[in-house]
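Printed here is final_34.cif (mmCIF, C-alpha atoms and all ligand atoms; chains and numbers go by the auth columns):
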```cif
data_target
#
loop_
_atom_site.group_PDB
_atom_site.id
_atom_site.type_symbol
_atom_site.label_atom_id
_atom_site.label_comp_id
_atom_site.label_asym_id
_atom_site.label_seq_id
_atom_site.Cartn_x
_atom_site.Cartn_y
_atom_site.Cartn_z
_atom_site.B_iso_or_equiv
_atom_site.auth_seq_id
_atom_site.auth_asym_id
ATOM 1 C CA MET A 1 9.286 -11.431 -45.541 0.00 1 A
ATOM 2 C CA SER A 2 12.009 -13.686 -46.820 0.00 2 A
ATOM 3 C CA ALA A 3 15.550 -12.572 -46.307 0.00 3 A
ATOM 4 C CA LYS A 4 17.831 -13.038 -49.261 0.00 4 A
ATOM 5 C CA THR A 5 20.593 -15.411 -48.348 0.00 5 A
ATOM 6 C CA GLY A 6 23.863 -14.779 -50.065 0.00 6 A
ATOM 7 C CA PRO A 7 26.991 -16.880 -49.844 0.00 7 A
ATOM 8 C CA ARG A 8 27.748 -17.644 -46.195 0.00 8 A
ATOM 9 C CA PRO A 9 31.230 -17.308 -44.821 0.00 9 A
ATOM 10 C CA SER A 10 32.677 -20.777 -44.898 0.00 10 A
ATOM 11 C CA THR A 11 35.932 -22.317 -43.872 0.00 11 A
ATOM 12 C CA HIS A 12 37.701 -25.623 -43.410 0.00 12 A
ATOM 13 C CA CYS A 13 38.538 -27.621 -40.299 0.00 13 A
ATOM 14 C CA PRO A 14 41.989 -26.606 -38.992 0.00 14 A
ATOM 15 C CA HIS A 15 42.682 -30.251 -38.064 0.00 15 A
ATOM 16 C CA CYS A 16 41.444 -32.480 -40.866 0.00 16 A
ATOM 17 C CA GLY A 17 40.913 -29.889 -43.617 0.00 17 A
ATOM 18 C CA CYS A 18 37.317 -30.837 -44.402 0.00 18 A
ATOM 19 C CA ARG A 19 34.603 -28.238 -44.970 0.00 19 A
ATOM 20 C CA VAL A 20 32.809 -27.410 -41.749 0.00 20 A
ATOM 21 C CA ARG A 21 29.199 -26.642 -40.905 0.00 21 A
ATOM 22 C CA ASN A 22 28.044 -23.297 -39.432 0.00 22 A
ATOM 23 C CA VAL A 23 25.942 -24.024 -36.338 0.00 23 A
ATOM 24 C CA LYS A 24 25.740 -20.596 -34.679 0.00 24 A
ATOM 25 C CA THR A 25 26.445 -16.927 -35.434 0.00 25 A
ATOM 26 C CA ASP A 26 26.794 -14.241 -32.752 0.00 26 A
ATOM 27 C CA GLN A 27 26.789 -10.576 -33.800 0.00 27 A
ATOM 28 C CA ILE A 28 29.128 -9.126 -31.144 0.00 28 A
ATOM 29 C CA THR A 29 29.368 -5.550 -32.413 0.00 29 A
ATOM 30 C CA ALA A 30 28.233 -3.725 -35.561 0.00 30 A
ATOM 31 C CA THR A 31 31.466 -4.744 -37.262 0.00 31 A
ATOM 32 C CA TYR A 32 32.382 -8.048 -35.583 0.00 32 A
ATOM 33 C CA ARG A 33 30.708 -11.433 -35.469 0.00 33 A
ATOM 34 C CA GLU A 34 31.717 -14.844 -34.238 0.00 34 A
ATOM 35 C CA ILE A 35 30.697 -17.999 -36.065 0.00 35 A
ATOM 36 C CA THR A 36 30.645 -21.434 -34.442 0.00 36 A
ATOM 37 C CA TYR A 37 31.562 -24.287 -36.776 0.00 37 A
ATOM 38 C CA VAL A 38 31.374 -28.044 -36.378 0.00 38 A
ATOM 39 C CA CYS A 39 33.403 -30.523 -38.385 0.00 39 A
ATOM 40 C CA ASP A 40 31.322 -33.579 -39.227 0.00 40 A
ATOM 41 C CA ASN A 41 34.445 -35.460 -40.284 0.00 41 A
ATOM 42 C CA CYS A 42 36.560 -35.319 -37.072 0.00 42 A
ATOM 43 C CA ASP A 43 34.001 -33.902 -34.572 0.00 43 A
ATOM 44 C CA ALA A 44 36.029 -30.712 -33.882 0.00 44 A
ATOM 45 C CA GLN A 45 34.117 -27.569 -32.908 0.00 45 A
ATOM 46 C CA PHE A 46 35.580 -24.067 -33.066 0.00 46 A
ATOM 47 C CA ILE A 47 34.749 -20.378 -33.332 0.00 47 A
ATOM 48 C CA ALA A 48 35.907 -18.191 -36.220 0.00 48 A
ATOM 49 C CA ALA A 49 35.586 -14.408 -36.434 0.00 49 A
ATOM 50 C CA LEU A 50 34.301 -12.191 -39.207 0.00 50 A
ATOM 51 C CA GLU A 51 35.159 -8.504 -38.966 0.00 51 A
ATOM 52 C CA VAL A 52 34.666 -5.495 -41.205 0.00 52 A
ATOM 53 C CA VAL A 53 38.221 -4.158 -41.542 0.00 53 A
ATOM 54 C CA ARG A 54 38.119 -1.491 -44.283 0.00 54 A
ATOM 55 C CA MET A 55 35.533 0.521 -46.163 0.00 55 A
ATOM 56 C CA LEU A 56 35.827 0.740 -49.935 0.00 56 A
ATOM 57 C CA ARG A 57 32.884 3.104 -50.445 0.00 57 A
ATOM 58 C CA PRO A 58 31.111 5.293 -47.870 0.00 58 A
ATOM 59 C CA SER A 59 27.609 4.369 -46.719 0.00 59 A
ATOM 60 C CA SER A 60 24.651 6.524 -47.741 0.00 60 A
ATOM 61 C CA MET A 61 23.291 5.847 -44.204 0.00 61 A
ATOM 62 C CA PRO A 62 26.383 6.093 -41.982 0.00 62 A
ATOM 63 C CA ASN A 63 26.059 4.850 -38.393 0.00 63 A
ATOM 64 C CA PRO A 64 27.623 7.508 -36.113 0.00 64 A
ATOM 65 C CA ASN A 65 28.708 4.766 -33.698 0.00 65 A
ATOM 66 C CA VAL A 66 30.726 2.917 -36.313 0.00 66 A
ATOM 67 C CA ARG A 67 34.255 3.933 -37.202 0.00 67 A
ATOM 68 C CA ILE A 68 35.915 1.909 -39.935 0.00 68 A
ATOM 69 C CA LYS A 69 39.110 2.777 -41.735 0.00 69 A
ATOM 70 C CA PHE A 70 38.422 4.063 -45.236 0.00 70 A
ATOM 71 C CA VAL A 71 40.639 2.940 -48.070 0.00 71 A
ATOM 72 C CA ASN A 72 40.564 4.961 -51.268 0.00 72 A
ATOM 73 C CA TYR A 73 41.923 2.790 -54.027 0.00 73 A
ATOM 74 C CA GLY A 74 41.287 5.571 -56.538 0.00 74 A
ATOM 75 C CA HIS A 75 43.961 7.680 -54.862 0.00 75 A
ATOM 76 C CA ALA A 76 46.733 8.531 -57.361 0.00 76 A
HETATM 77 ZN ZN ZN B . 37.835 -31.925 -38.950 0.00 101 B
#
```

Let me see the file written as structure tokens.
Amino acid sequence: MSAKTGPRPSTHCPHCGCRVRNVKTDQITATYREITYVCDNCDAQFIAALEVVRMLRPSSMPNPNVRIKFVNYGHA
């Protein structure tokens, strides 16, 4: 089974500004993951975080252990 790979979260080196390479991803909780990046230009290595912060549409298979703030943009 081949997983579909969408666009990966990417960022730039905070020191030299070059695009960095993702070398490791750790899923910490259902809504939070840490991504280790390496800069091939200046040799820096750092961890960035990716977190689900708001829901725009409810899930059809809600996880009872996950609580995420719901934002209703259709609200008048
Ligand atoms: Zn760099």

Option closest in space to Pro64 (chain A), from A:Tyr37, A:His15, A:Ala30, A:Asp43 [counting all atoms listed in the file] | A:Ala30

Quick one: apply the PyMOL selection byres (((chain A and resi 54) around 12) and not hetatm) to the file and drop the selected residues here as a PyMOL selection string.
-> chain A and resi 31+51-53+55-58+66-73

Could I get the residue neighbourhood of ligand ZN 101 (chain B) at 7 Å, counting all atoms listed in the file, as an MDAnalysis selection string?
-> chainID A and resid 13:18 39:44

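You will find CA of Gln45 (chain A) at 13.4 Å from CA of Thr25 (chain A).
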
Hits from the PyMOL selection byres (((chain A and resi 26) around 12) and not hetatm), listed as JSON, numbers by chain | {"A": [22, 23, 24, 25, 27, 28, 29, 30, 31, 32, 33, 34, 35, 36, 37, 47, 48, 49, 50, 51]}
